[in-house]
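Undergrad: Provided herewith: data21.txt, compact mmCIF, C-alpha atoms.
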```txt
# COMPACT_ATOMS: atom_id res chain seq x y z
CA MET H 286 -16.35 -67.60 -21.96
CA ALA H 287 -13.27 -67.24 -19.79
CA MET H 288 -12.35 -63.71 -18.88
CA LYS H 289 -8.89 -62.51 -19.84
CA SER H 290 -6.65 -61.66 -16.92
CA PRO H 291 -4.82 -58.36 -17.15
CA ARG H 292 -1.28 -58.49 -18.42
CA PRO H 293 1.41 -58.00 -15.79
CA GLY H 294 2.15 -54.33 -15.40
CA HIS H 295 -1.03 -53.32 -17.23
CA VAL H 296 -2.59 -51.88 -14.07
CA ALA H 297 -0.30 -49.51 -12.25
CA SER H 298 0.39 -50.29 -8.61
CA ALA H 299 -1.20 -48.09 -5.92
CA PRO H 300 2.11 -46.41 -4.94
CA LEU H 301 2.83 -45.60 -8.59
CA ARG H 302 -0.66 -44.19 -9.16
CA LEU H 303 -0.35 -42.18 -5.98
CA TYR H 304 3.04 -40.87 -7.10
CA VAL H 305 1.68 -39.80 -10.50
CA LEU H 306 -1.35 -38.14 -8.96
CA ALA H 307 0.77 -36.40 -6.32
CA THR H 308 3.04 -35.06 -9.06
CA ALA H 309 0.02 -33.67 -10.93
CA LEU H 310 -1.26 -32.16 -7.67
CA VAL H 311 2.05 -30.39 -7.01
CA ALA H 312 2.15 -29.04 -10.58
CA ALA H 313 -1.42 -27.71 -10.32
CA ALA H 314 -0.78 -26.18 -6.90
CA LEU H 315 2.40 -24.47 -8.10
CA ALA H 316 0.55 -23.09 -11.12
CA TRP H 317 -2.13 -21.77 -8.77
CA GLN H 318 0.52 -20.27 -6.50
CA ALA H 319 2.30 -18.53 -9.38
CA LEU H 320 -0.72 -17.26 -11.34
CA ALA H 321 -4.00 -17.02 -9.48
CA ALA H 322 -3.11 -16.93 -5.77
CA PRO H 323 -1.50 -13.43 -5.73
CA LEU H 324 -4.55 -11.91 -7.45
CA LEU H 325 -6.99 -13.71 -5.15
CA VAL H 326 -5.04 -12.70 -2.05
CA ARG H 327 -4.81 -9.07 -3.15
CA TRP H 328 -8.57 -9.02 -3.77
CA LEU H 329 -9.74 -10.84 -0.64
CA LEU H 330 -7.38 -9.52 2.01
CA PRO H 331 -5.09 -6.71 0.73
CA SER H 332 -3.81 -5.87 4.23
CA LEU H 333 -2.38 -9.37 4.73
CA ASP H 334 1.26 -10.06 3.98
CA ALA H 335 1.31 -11.42 0.41
CA SER H 336 3.80 -14.25 0.95
CA ARG H 337 2.02 -15.56 4.06
CA ALA H 338 -1.43 -15.35 2.51
CA SER H 339 -0.21 -17.01 -0.68
CA ALA H 340 1.18 -19.88 1.39
CA LEU H 341 -2.21 -20.30 3.03
CA VAL H 342 -3.98 -20.29 -0.33
CA PHE H 343 -1.42 -22.78 -1.65
CA ALA H 344 -2.08 -25.10 1.26
CA LEU H 345 -5.84 -24.93 0.81
CA ALA H 346 -5.51 -25.57 -2.92
CA ALA H 347 -3.19 -28.51 -2.29
CA LEU H 348 -5.56 -30.09 0.25
CA ALA H 349 -8.59 -29.56 -1.98
CA GLY H 350 -6.76 -31.05 -4.94
CA GLY H 351 -5.56 -33.91 -2.80
CA ALA H 352 -9.10 -34.78 -1.78
CA GLY H 353 -10.25 -34.73 -5.41
CA LEU H 354 -7.36 -36.87 -6.59
CA TYR H 355 -7.94 -39.30 -3.78
CA GLY H 356 -11.55 -39.63 -4.86
CA LEU H 357 -10.46 -40.44 -8.40
CA LEU H 358 -7.93 -42.93 -7.09
CA ARG H 359 -10.52 -44.64 -4.93
CA ALA H 360 -13.09 -44.73 -7.75
CA GLY H 361 -10.56 -46.28 -10.12
CA SER H 362 -9.36 -48.91 -7.65
CA LEU H 363 -12.60 -50.04 -5.99
CA ALA H 364 -13.02 -53.11 -8.19
CA SER H 365 -9.47 -54.35 -7.85
CA GLY H 366 -9.28 -53.33 -4.20
CA ASP H 367 -12.47 -55.17 -3.31
CA ALA H 368 -11.27 -58.24 -5.17
CA ARG H 369 -8.09 -58.23 -3.11
CA GLY H 370 -9.95 -57.55 0.15
CA ASP H 371 -8.27 -54.15 0.76
CA THR H 372 -10.95 -52.46 2.89
CA PRO H 373 -10.25 -49.15 4.59
CA ALA H 374 -9.39 -49.48 8.22
CA PRO H 375 -11.70 -47.62 10.57
CA GLY H 376 -10.47 -45.48 13.40
CA HIS H 377 -7.83 -42.80 13.46
CA ILE H 378 -5.99 -40.88 10.81
CA ASN H 379 -3.02 -43.21 10.75
CA GLY H 380 -5.03 -46.28 9.71
CA ASN H 381 -3.78 -48.87 7.23
CA GLY H 382 -5.10 -49.74 3.79
CA PRO H 383 -5.65 -47.44 0.81
CA GLY H 384 -7.66 -44.96 2.85
CA GLY H 385 -5.13 -44.93 5.65
CA GLN H 386 -2.28 -44.45 3.19
CA CYS H 387 -3.99 -41.37 1.76
CA GLU H 388 -4.60 -40.05 5.26
CA GLN H 389 -0.95 -40.53 6.03
CA GLN H 390 -0.10 -38.57 2.90
CA LEU H 391 -2.43 -35.80 4.11
CA LEU H 392 -0.71 -35.79 7.48
CA ALA H 393 2.71 -35.72 5.81
CA LEU H 394 1.60 -32.77 3.68
CA SER H 395 0.38 -30.87 6.74
CA LYS H 396 3.71 -31.46 8.47
CA ALA H 397 5.56 -30.01 5.47
CA LEU H 398 3.49 -26.82 5.38
CA PRO H 399 5.18 -23.58 6.56
CA ILE H 400 2.03 -22.68 8.52
CA GLY H 401 -0.02 -24.29 11.28
CA ALA H 402 -2.35 -27.14 10.32
CA LEU H 403 -4.98 -28.98 12.39
CA VAL H 404 -6.95 -32.02 11.23
CA LEU H 405 -10.38 -32.24 12.90
CA ARG H 406 -12.89 -35.05 12.97
CA ASN H 407 -16.19 -35.28 14.85
CA GLY H 408 -15.40 -32.09 16.74
CA HIS H 409 -11.99 -33.26 18.01
CA ILE H 410 -8.39 -32.68 17.02
CA VAL H 411 -6.97 -35.86 15.51
CA ALA H 412 -3.68 -34.46 14.14
CA ALA H 413 -1.58 -31.31 14.14
CA ASN H 414 1.72 -30.39 12.60
CA ALA H 415 4.68 -29.15 14.65
CA ILE H 416 3.98 -25.47 13.92
CA ALA H 417 0.42 -25.76 15.22
CA VAL H 418 1.61 -27.56 18.35
CA GLN H 419 4.20 -24.86 19.01
CA GLN H 420 2.03 -21.81 18.32
CA LEU H 421 -1.13 -23.08 20.02
CA HIS H 422 0.72 -24.70 22.95
CA LEU H 423 -0.98 -28.02 22.30
CA ASP H 424 -0.32 -31.20 24.22
CA PRO H 425 -0.76 -34.24 21.94
CA ALA H 426 -1.78 -36.29 24.97
CA ASP H 427 -5.11 -34.49 25.34
CA TRP H 428 -6.08 -34.03 21.69
CA SER H 429 -9.06 -36.31 22.08
CA GLN H 430 -10.39 -34.17 24.96
CA ARG H 431 -9.54 -30.79 23.44
CA ARG H 432 -12.43 -29.08 21.68
CA PRO H 433 -11.33 -27.00 18.65
CA ALA H 434 -13.75 -24.23 19.65
CA GLN H 435 -11.58 -23.58 22.70
CA LEU H 436 -8.80 -22.42 20.38
CA PHE H 437 -10.82 -19.41 19.20
CA ALA H 438 -11.11 -16.21 21.23
CA ASP H 439 -14.59 -15.53 19.81
CA SER H 440 -17.31 -18.16 20.04
CA ALA H 441 -19.14 -16.90 16.94
CA VAL H 442 -15.96 -17.13 14.88
CA ALA H 443 -15.34 -20.60 16.26
CA GLU H 444 -18.80 -21.75 15.21
CA ALA H 445 -18.30 -20.30 11.71
CA ALA H 446 -14.93 -22.03 11.38
CA LEU H 447 -16.16 -25.40 12.64
CA THR H 448 -19.29 -25.33 10.48
CA GLY H 449 -17.34 -24.47 7.34
CA THR H 450 -18.88 -21.00 6.84
CA LEU H 451 -15.76 -19.00 7.70
CA PRO H 452 -14.58 -17.02 4.63
CA LEU H 453 -11.23 -17.89 3.11
CA LEU H 454 -8.22 -16.12 4.65
CA SER H 455 -10.23 -14.66 7.52
CA SER H 456 -8.31 -12.68 10.10
CA VAL H 457 -9.31 -14.00 13.55
CA ARG H 458 -7.88 -14.23 17.04
CA LEU H 459 -6.74 -17.63 18.29
CA ARG H 460 -6.03 -18.59 21.87
CA ARG H 461 -2.78 -20.21 22.92
CA GLY H 462 -3.36 -23.22 25.13
CA GLY H 463 -7.13 -23.25 24.70
CA ALA H 464 -9.64 -21.88 27.23
CA SER H 465 -7.15 -22.09 30.12
CA THR H 466 -5.28 -18.95 29.02
CA ASP H 467 -6.11 -15.39 28.04
CA GLU H 468 -3.17 -15.07 25.66
CA THR H 469 -4.43 -14.57 22.11
CA PHE H 470 -2.86 -13.72 18.78
CA ARG H 471 -4.10 -12.62 15.37
CA ALA H 472 -3.99 -15.23 12.63
CA ALA H 473 -5.08 -15.69 9.04
CA VAL H 474 -7.30 -18.80 9.00
CA GLY H 475 -8.63 -21.01 6.23
CA VAL H 476 -10.88 -24.07 6.59
CA HIS H 477 -11.50 -26.90 4.13
CA ASP H 478 -13.47 -30.15 4.33
CA LEU H 479 -12.10 -33.48 3.06
CA ASP H 480 -13.87 -36.81 2.59
CA LEU H 481 -11.40 -39.67 2.96
CA ASP H 482 -12.61 -43.26 2.85
CA GLN H 483 -16.20 -42.24 3.71
CA ARG H 484 -14.99 -40.21 6.66
CA ARG H 485 -15.31 -36.44 6.91
CA PHE H 486 -12.26 -34.46 8.02
CA ARG H 487 -11.94 -30.71 8.43
CA VAL H 488 -8.52 -29.15 7.91
CA LEU H 489 -7.89 -25.83 9.64
CA LEU H 490 -4.89 -23.90 8.41
CA PHE H 491 -3.65 -20.76 10.15
CA ASP H 492 -0.73 -18.38 9.98
CA ASP H 493 0.42 -16.47 13.07
CA LEU H 494 0.44 -12.76 12.21
CA THR H 495 2.02 -11.60 15.48
CA GLU H 496 5.35 -10.84 13.87
CA SER H 497 3.66 -9.18 10.92
CA ASP H 498 1.63 -7.01 13.29
CA ARG H 499 4.77 -6.09 15.19
CA LEU H 500 6.56 -5.15 11.99
CA ASP H 501 3.54 -3.17 10.81
CA ALA H 502 3.39 -1.27 14.08
CA ARG H 503 7.11 -0.58 13.89
CA LEU H 504 6.78 0.56 10.30
CA GLN H 505 3.90 2.87 11.17
CA GLN H 506 5.93 4.29 14.04
CA GLN H 507 8.87 4.95 11.75
CA ASN H 508 6.59 6.47 9.12
CA GLY H 509 5.18 8.77 11.78
CA GLN H 510 8.68 9.80 12.77
CA LEU H 511 9.62 10.43 9.14
CA LEU H 512 6.50 12.53 8.65
CA ALA H 513 7.33 14.52 11.77
CA VAL H 514 10.87 15.13 10.51
CA ALA H 515 9.54 16.07 7.07
CA GLY H 516 7.05 18.45 8.66
CA ARG H 517 9.77 20.05 10.71
CA LEU H 518 12.00 20.45 7.66
CA ILE H 519 9.19 22.04 5.68
CA THR H 520 8.44 24.42 8.54
CA VAL H 521 12.10 25.42 8.83
CA GLN H 522 12.29 25.84 5.07
CA GLU H 523 9.25 28.11 4.99
CA ASP H 524 10.62 30.18 7.88
CA GLU H 525 13.91 30.60 6.06
CA ARG H 526 12.10 31.56 2.87
CA ARG H 527 10.05 34.15 4.74
CA THR H 528 13.17 35.62 6.35
CA LEU H 529 15.14 35.61 3.11
CA SER H 530 12.24 37.20 1.22
CA ARG H 531 12.02 40.00 3.77
CA GLU H 532 15.77 40.62 3.71
CA LEU H 533 15.89 40.70 -0.08
CA HIS H 534 12.98 43.10 -0.31
CA ASP H 535 13.70 45.36 2.64
CA ASP H 536 17.45 45.33 3.22
CA ILE H 537 19.15 44.57 -0.09
CA GLY H 538 16.44 46.22 -2.19
CA GLN H 539 16.62 49.44 -0.18
CA ALA H 540 20.41 49.41 -0.31
CA ILE H 541 20.43 49.18 -4.10
CA THR H 542 17.83 51.94 -4.30
CA ALA H 543 20.07 54.14 -2.12
CA ILE H 544 23.01 53.44 -4.44
CA LYS H 545 20.89 54.43 -7.40
CA LEU H 546 19.88 57.73 -5.80
CA GLY H 547 23.50 58.49 -4.89
CA VAL H 548 24.64 57.90 -8.45
CA VAL H 549 21.90 60.17 -9.77
CA THR H 550 23.14 63.06 -7.61
CA LEU H 551 26.58 62.74 -9.22
CA ALA H 552 25.11 63.97 -12.50
CA ASP H 553 24.75 67.46 -11.01
CA HIS H 554 28.48 67.63 -10.25
CA ASP H 555 29.86 65.96 -13.37
CA PRO H 556 27.54 66.11 -16.40
CA SER H 557 30.21 64.45 -18.56
CA ARG H 558 29.55 61.18 -16.72
CA GLN H 559 25.86 61.17 -17.62
CA GLU H 560 26.11 58.14 -19.89
CA VAL H 561 27.82 56.04 -17.23
CA ILE H 562 25.37 57.25 -14.61
CA ASP H 563 22.40 56.26 -16.78
CA GLU H 564 23.88 52.79 -17.26
CA VAL H 565 24.37 52.35 -13.51
CA VAL H 566 20.81 53.50 -12.84
CA ALA H 567 19.44 51.02 -15.40
CA ILE H 568 21.39 48.16 -13.83
CA ALA H 569 20.15 49.19 -10.38
CA ASP H 570 16.52 49.19 -11.60
CA GLN H 571 16.91 45.74 -13.17
CA THR H 572 18.50 44.37 -10.01
CA VAL H 573 15.72 45.73 -7.81
CA ALA H 574 13.12 44.20 -10.14
CA LYS H 575 14.84 40.80 -9.99
CA LEU H 576 15.09 41.00 -6.21
CA ARG H 577 11.39 41.81 -6.01
CA ASP H 578 10.49 38.83 -8.19
CA LEU H 579 12.75 36.54 -6.21
CA SER H 580 11.31 37.81 -2.95
CA MET H 581 7.77 37.15 -4.16
CA LEU H 582 8.66 33.66 -5.36
CA LEU H 583 10.12 32.83 -1.96
CA ARG H 584 7.08 34.15 -0.11
CA PRO H 585 4.38 35.95 -2.13
CA PRO H 586 2.85 38.78 -0.08
CA GLN H 587 -0.48 38.14 -1.84
CA LEU H 588 -0.80 34.88 0.08
CA ASP H 589 -0.87 36.73 3.41
CA THR H 590 -2.72 39.86 2.33
CA LEU H 591 -5.11 38.86 -0.48
CA GLY H 592 -5.58 35.13 0.09
CA LEU H 593 -5.02 31.84 -1.73
CA GLU H 594 -6.93 32.57 -4.93
CA ALA H 595 -5.03 35.78 -5.66
CA ALA H 596 -1.68 34.14 -4.86
CA VAL H 597 -2.39 31.15 -7.12
CA ARG H 598 -3.52 33.39 -9.98
CA TRP H 599 -0.42 35.59 -9.63
CA GLN H 600 1.89 32.56 -9.47
CA ALA H 601 0.42 30.97 -12.59
CA GLN H 602 0.50 34.20 -14.60
CA THR H 603 4.07 34.89 -13.49
CA LEU H 604 5.33 31.48 -14.56
CA PHE H 605 3.63 31.62 -17.98
CA ARG H 606 4.09 35.30 -18.78
CA GLY H 607 6.91 34.48 -21.20
CA GLY H 608 4.55 32.46 -23.40
CA GLY H 609 3.58 28.80 -23.32
CA PRO H 610 0.33 26.92 -22.65
CA GLN H 611 -3.03 28.61 -22.56
CA LEU H 612 -3.85 29.26 -18.90
CA GLU H 613 -7.40 28.82 -17.56
CA PHE H 614 -8.79 29.25 -14.05
CA ALA H 615 -11.87 27.62 -12.53
CA PHE H 616 -12.14 29.18 -9.09
CA THR H 617 -15.22 28.79 -6.89
CA ALA H 618 -15.56 31.23 -4.03
CA LEU H 619 -14.57 29.56 -0.76
CA PRO H 620 -17.10 29.83 2.10
CA VAL H 621 -14.30 30.53 4.61
CA ARG H 622 -10.63 31.27 4.32
CA PRO H 623 -8.52 28.15 4.90
CA ASP H 624 -5.97 27.89 7.67
CA PRO H 625 -2.70 29.69 6.80
CA ALA H 626 -0.80 26.39 6.82
CA VAL H 627 -3.34 24.91 4.40
CA GLU H 628 -3.10 27.95 2.13
CA LEU H 629 0.67 27.70 2.08
CA ALA H 630 0.64 23.94 1.32
CA CYS H 631 -1.91 24.41 -1.47
CA PHE H 632 0.11 27.26 -2.96
CA ARG H 633 3.30 25.20 -2.94
CA ILE H 634 1.54 22.26 -4.60
CA VAL H 635 0.25 24.56 -7.35
CA GLN H 636 3.72 26.07 -7.71
CA GLU H 637 5.37 22.66 -8.09
CA ALA H 638 2.70 21.33 -10.45
CA LEU H 639 2.86 24.36 -12.75
CA THR H 640 6.66 24.31 -12.74
CA ASN H 641 6.57 20.65 -13.85
CA VAL H 642 4.11 21.53 -16.63
CA LEU H 643 6.37 24.35 -17.83
CA ARG H 644 9.54 22.21 -17.78
CA TYR H 645 8.42 18.78 -18.92
CA ALA H 646 4.82 18.53 -20.16
CA GLY H 647 4.96 20.39 -23.47
CA ALA H 648 1.28 21.19 -22.96
CA SER H 649 -0.86 23.61 -24.96
CA ARG H 650 -3.48 24.11 -22.24
CA VAL H 651 -3.40 24.18 -18.43
CA GLU H 652 -6.35 24.52 -16.07
CA VAL H 653 -6.20 25.31 -12.36
CA ALA H 654 -9.38 24.62 -10.39
CA LEU H 655 -9.97 25.51 -6.76
CA ALA H 656 -13.15 24.85 -4.80
CA ALA H 657 -14.53 23.77 -1.43
CA ASP H 658 -15.73 20.19 -1.01
CA GLY H 659 -17.46 20.12 2.34
CA ASP H 660 -14.74 20.57 4.95
CA LEU H 661 -12.05 19.96 2.33
CA LEU H 662 -10.21 22.26 -0.03
CA ALA H 663 -10.11 20.67 -3.49
CA LEU H 664 -7.33 21.60 -5.92
CA VAL H 665 -7.04 20.24 -9.47
CA VAL H 666 -4.26 21.10 -11.94
CA THR H 667 -4.79 19.59 -15.40
CA ASP H 668 -2.68 19.78 -18.56
CA ASP H 669 -2.89 18.15 -21.98
CA GLY H 670 0.83 17.47 -22.23
CA ARG H 671 2.80 14.35 -22.97
CA GLY H 672 2.21 12.72 -19.58
CA PHE H 673 4.54 10.18 -18.00
CA VAL H 674 4.72 6.86 -16.16
CA PRO H 675 4.41 7.61 -12.40
CA SER H 676 6.58 4.64 -11.40
CA GLU H 677 9.41 5.99 -13.55
CA ALA H 678 9.37 9.52 -12.10
CA THR H 679 12.79 10.20 -10.58
CA GLY H 680 12.40 13.74 -9.23
CA LEU H 681 11.35 14.75 -5.74
CA GLY H 682 8.52 17.03 -6.85
CA LEU H 683 5.75 14.43 -6.54
CA VAL H 684 7.14 13.17 -3.24
CA ILE H 685 7.23 16.66 -1.73
CA MET H 686 3.71 17.45 -2.93
CA ARG H 687 2.36 14.25 -1.36
CA GLU H 688 4.15 14.91 1.90
CA ARG H 689 2.79 18.43 2.09
CA ALA H 690 -0.73 17.05 1.72
CA GLN H 691 -0.21 14.16 4.16
CA LEU H 692 1.29 16.38 6.83
CA LEU H 693 -2.01 18.26 7.00
CA GLY H 694 -4.15 15.11 6.94
CA GLY H 695 -4.97 15.44 3.25
CA ARG H 696 -4.11 13.40 0.20
CA LEU H 697 -2.76 13.91 -3.28
CA GLN H 698 -3.34 11.82 -6.42
CA VAL H 699 -1.60 12.01 -9.79
CA GLU H 700 -3.47 10.67 -12.82
CA THR H 701 -1.30 10.41 -15.90
CA ALA H 702 -0.18 8.18 -18.74
CA PRO H 703 2.17 8.67 -21.68
CA GLY H 704 0.45 10.89 -24.24
CA ALA H 705 -2.65 11.40 -22.05
CA GLY H 706 -1.74 14.52 -20.09
CA THR H 707 -1.51 14.85 -16.32
CA THR H 708 -4.01 15.69 -13.59
CA VAL H 709 -2.90 16.52 -10.04
CA ARG H 710 -5.70 16.29 -7.45
CA ALA H 711 -5.18 17.45 -3.90
CA GLN H 712 -7.67 17.44 -1.03
CA LEU H 713 -6.70 19.33 2.10
CA PRO H 714 -8.69 20.04 5.27
CA MET H 715 -9.90 23.62 5.42
CA ALA H 716 -8.84 23.84 9.07
```
Can the structure in the file be given as structure tokens, please?
TA:
Amino acid sequence: MAMKSPRPGHVASAPLRLYVLATALVAAALAWQALAAPLLVRWLLPSLDASRASALVFALAALAGGAGLYGLLRAGSLASGDARGDTPAPGHINGNGPGGQCEQQLLALSKALPIGALVLRNGHIVAANAIAVQQLHLDPADWSQRRPAQLFADSAVAEAALTGTLPLLSSVRLRRGGASTDETFRAAVGVHDLDLDQRRFRVLLFDDLTESDRLDARLQQQNGQLLAVAGRLITVQEDERRTLSRELHDDIGQAITAIKLGVVTLADHDPSRQEVIDEVVAIADQTVAKLRDLSMLLRPPQLDTLGLEAAVRWQAQTLFRGGGPQLEFAFTALPVRPDPAVELACFRIVQEALTNVLRYAGASRVEVALAADGDLLALVVTDDGRGFVPSEATGLGLVIMRERAQLLGGRLQVETAPGAGTTVRAQLPMA
């Protein structure tokens, strides 16, 4: 029985099949880039710049998908290819035939990547894109003599990379110009193996992090300067509060008391003015009381004389004395008295947290806990109020509380959600 020959156009040509498969590859890689890559990058290497790491993951996914698609293409075209005599050409990456065409597509893809790409075979560099040539100071003339291990500053890392055991997105140091130079740079590296036309290739992708490191160092320097300025501002503010508190209590308070005593003596000379004198004395007493409260809010004397626990208890009871949430304390005796700066920062954090509860939380219960945790002072302020979304907070209260903790080498966390109450946790060094 004669076999039927395929109708013209029934079998797609190799370029058309390659075009369709390449389109599917790009769609899959873009889906990976948009959905899974950011999560994988954040989990594997959170300190790496997200856009650079995502590009590296994208490139690895594209090369892996390309190898798989090429395998399908080769499996589907073996019969027709063998019948036509299209055998893969041995030799280098730019060979002819179906295998060579796919290798050329791989090389074209590596040239289009925004990061460095090296194609290795049998322990030698057989191809590199322009970015790799520029950043590694490669000379294409000596690729066949250049060992890839010479590009790594650490021999153990080089062995892991060249044996395929290097973890994805590893941060390593590469050497510019190979073993002939001591100039190195930090890079995010990914390695993937490809089998093309029964030949094993290893693709090494890397992203130079020198600029990222420089920007990170600059950012840390600026953050340090901002913290120093914030610390200086807080110190000046506390000094002004201390001075103002003393002046209100000593100078203005004593002056009003003297006025009150002078008015009282007028009653002996003019009893008919007794009603006016009593009114003036009452106003003077109220003014002195307000000045005393204001002076204590600016700088409570309990903090210096009685310690942190007494100052926190007084502050909480003062704020809620007009009614409001039920106030509870959970104080554990501290083994030593914290540094005065630590006491002041802790007191201000409590003051800000309780003020926020009073103004915004609508809580029915508030608990203030204070205890020692090793060398740390642990503060917890909890309420059962309405809570909030931290990212939508517009005030400066949370920012100031965090800066007070950070300036002393501590940390502050806010745990809250709408309808779930709020918990402020602060850990400060005792000294």
Undergrad: Considering all atoms listed in the file, give me a table of residues in region 429-546 of chain H that are at most 12 Å from region 585-604 of chain H, with the closest atom pair and distance in Å for each, as a tab-separated table.
TA:
```
residue	atom	partner	partner_atom	distance
H:Glu523	CA	H:Pro585	CA	11.7
H:Arg526	CA	H:Pro585	CA	10.2
H:Arg527	CA	H:Pro585	CA	9.1
H:Leu529	CA	H:Pro585	CA	12.0
H:Ser530	CA	H:Pro585	CA	8.6
H:Arg531	CA	H:Pro586	CA	10.0
H:His534	CA	H:Pro586	CA	11.0
```
Undergrad: Go ahead and save the picked residues with C-alpha atoms, as a PDB file, in the frame of the given file.
TA:
```pdb
ATOM      1  CA  GLU H 523       9.250  28.110   4.990  1.00  0.00           C
ATOM      2  CA  ARG H 526      12.100  31.560   2.870  1.00  0.00           C
ATOM      3  CA  ARG H 527      10.050  34.150   4.740  1.00  0.00           C
ATOM      4  CA  LEU H 529      15.140  35.610   3.110  1.00  0.00           C
ATOM      5  CA  SER H 530      12.240  37.200   1.220  1.00  0.00           C
ATOM      6  CA  ARG H 531      12.020  40.000   3.770  1.00  0.00           C
ATOM      7  CA  HIS H 534      12.980  43.100  -0.310  1.00  0.00           C
TER       8      HIS H 534
END
```
Undergrad: Can you work out which one of H:Ala567, H:Ile537, H:Cys631, H:Val521 has the shortest atom-to-atom distance to Leu655 (chain H), counting only C-alpha atoms?
TA: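 For Leu655 (chain H), the nearest of the given residues is H:Cys631.
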Undergrad: Residues within 8 Å of region 693-708 of chain H, please, as a short mmCIF file (atom, residue, chain, number, x, y, z; two decimals) with C-alpha atoms, in the frame of the given file. Count only C-alpha atoms; anything in the same chain fewer than 5 positions from it doesn't count.
TA:
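The new file around-v5.cif reads:
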```cif
data_model
loop_
_atom_site.label_atom_id
_atom_site.label_comp_id
_atom_site.auth_asym_id
_atom_site.auth_seq_id
_atom_site.Cartn_x
_atom_site.Cartn_y
_atom_site.Cartn_z
CA VAL H 627 -3.34 24.91 4.40
CA ALA H 646 4.82 18.53 -20.16
CA ALA H 648 1.28 21.19 -22.96
CA VAL H 665 -7.04 20.24 -9.47
CA VAL H 666 -4.26 21.10 -11.94
CA THR H 667 -4.79 19.59 -15.40
CA ASP H 668 -2.68 19.78 -18.56
CA ASP H 669 -2.89 18.15 -21.98
CA GLY H 670 0.83 17.47 -22.23
CA ARG H 671 2.80 14.35 -22.97
CA GLY H 672 2.21 12.72 -19.58
CA PHE H 673 4.54 10.18 -18.00
CA VAL H 674 4.72 6.86 -16.16
CA PRO H 675 4.41 7.61 -12.40
CA MET H 686 3.71 17.45 -2.93
CA ARG H 687 2.36 14.25 -1.36
CA LEU H 713 -6.70 19.33 2.10
CA PRO H 714 -8.69 20.04 5.27
#
```
Undergrad: Identify, on the basis of all atoms listed in the file, every residue whose closest approach to Asp478 (chain H) does not exceed 7 Å; exclude the query and any residue fewer than 5 positions from it along the same chain; express the result as a PyMOL selection string.
TA: chain H and resi 486-488
Undergrad: Of the candidates H:Leu512, H:Val565, H:Leu662, H:Leu447, which one gets nearest to Arg432 (chain H) if we count only C-alpha atoms?
TA: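 Closest candidate: H:Leu447.
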Undergrad: Mind dumping a table of every region 459-501 of chain H residue within 12 Å of region 391-408 of chain H, with the nearest atom pair and its distance in Å to one decimal, using only C-alpha atoms, sorted by chain and rising number, as JSON lines?
TA:
```
{"residue": "H:Leu459", "atom": "CA", "partner": "H:Gly401", "partner_atom": "CA", "distance": 11.8}
{"residue": "H:Ala472", "atom": "CA", "partner": "H:Gly401", "partner_atom": "CA", "distance": 10.0}
{"residue": "H:Ala473", "atom": "CA", "partner": "H:Ile400", "partner_atom": "CA", "distance": 10.0}
{"residue": "H:Val474", "atom": "CA", "partner": "H:Gly401", "partner_atom": "CA", "distance": 9.4}
{"residue": "H:Gly475", "atom": "CA", "partner": "H:Ala402", "partner_atom": "CA", "distance": 9.7}
{"residue": "H:Val476", "atom": "CA", "partner": "H:Leu403", "partner_atom": "CA", "distance": 9.6}
{"residue": "H:His477", "atom": "CA", "partner": "H:Val404", "partner_atom": "CA", "distance": 9.9}
{"residue": "H:Asp478", "atom": "CA", "partner": "H:Leu405", "partner_atom": "CA", "distance": 9.3}
{"residue": "H:Leu479", "atom": "CA", "partner": "H:Val404", "partner_atom": "CA", "distance": 9.8}
{"residue": "H:Asp480", "atom": "CA", "partner": "H:Arg406", "partner_atom": "CA", "distance": 10.6}
{"residue": "H:Leu481", "atom": "CA", "partner": "H:Leu391", "partner_atom": "CA", "distance": 9.8}
{"residue": "H:Arg484", "atom": "CA", "partner": "H:Arg406", "partner_atom": "CA", "distance": 8.4}
{"residue": "H:Arg485", "atom": "CA", "partner": "H:Arg406", "partner_atom": "CA", "distance": 6.7}
{"residue": "H:Phe486", "atom": "CA", "partner": "H:Arg406", "partner_atom": "CA", "distance": 5.0}
{"residue": "H:Arg487", "atom": "CA", "partner": "H:Leu405", "partner_atom": "CA", "distance": 5.0}
{"residue": "H:Val488", "atom": "CA", "partner": "H:Val404", "partner_atom": "CA", "distance": 4.7}
{"residue": "H:Leu489", "atom": "CA", "partner": "H:Leu403", "partner_atom": "CA", "distance": 5.1}
{"residue": "H:Leu490", "atom": "CA", "partner": "H:Ala402", "partner_atom": "CA", "distance": 4.5}
{"residue": "H:Phe491", "atom": "CA", "partner": "H:Gly401", "partner_atom": "CA", "distance": 5.2}
{"residue": "H:Asp492", "atom": "CA", "partner": "H:Ile400", "partner_atom": "CA", "distance": 5.3}
{"residue": "H:Asp493", "atom": "CA", "partner": "H:Ile400", "partner_atom": "CA", "distance": 7.9}
{"residue": "H:Leu494", "atom": "CA", "partner": "H:Ile400", "partner_atom": "CA", "distance": 10.7}
```
Undergrad: CA of Arg499 (chain H) and CA of Leu423 (chain H), how far apart in Å?
TA: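 Rounded to one decimal, the two atoms are 23.8 Å apart.
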Undergrad: Figure out the distance between CA of Ala569 (chain H) and CA of Ala552 (chain H), please, to one decimal in Å.
TA: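 Going from CA of Ala552 (chain H) over to CA of Ala569 (chain H), I get 15.7 Å.
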Undergrad: In terms of the shortest atom-to-atom distance over all atoms listed in the file, which of H:Val651, H:Ile685, H:Ala446, H:Leu576 is closest to Asp536 (chain H)?
TA: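 With all atoms listed in the file as the atom set, the closest residue is H:Leu576.
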Undergrad: Measuring atom to atom with all atoms listed in the file, identify which of H:Thr448, H:Glu628, H:Gln559, H:Arg471 is nearest to Glu496 (chain H).
TA: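 Checking each of H:Thr448, H:Glu628, H:Gln559, H:Arg471 against Glu496 (chain H), counting all atoms listed in the file, the winner is H:Arg471.
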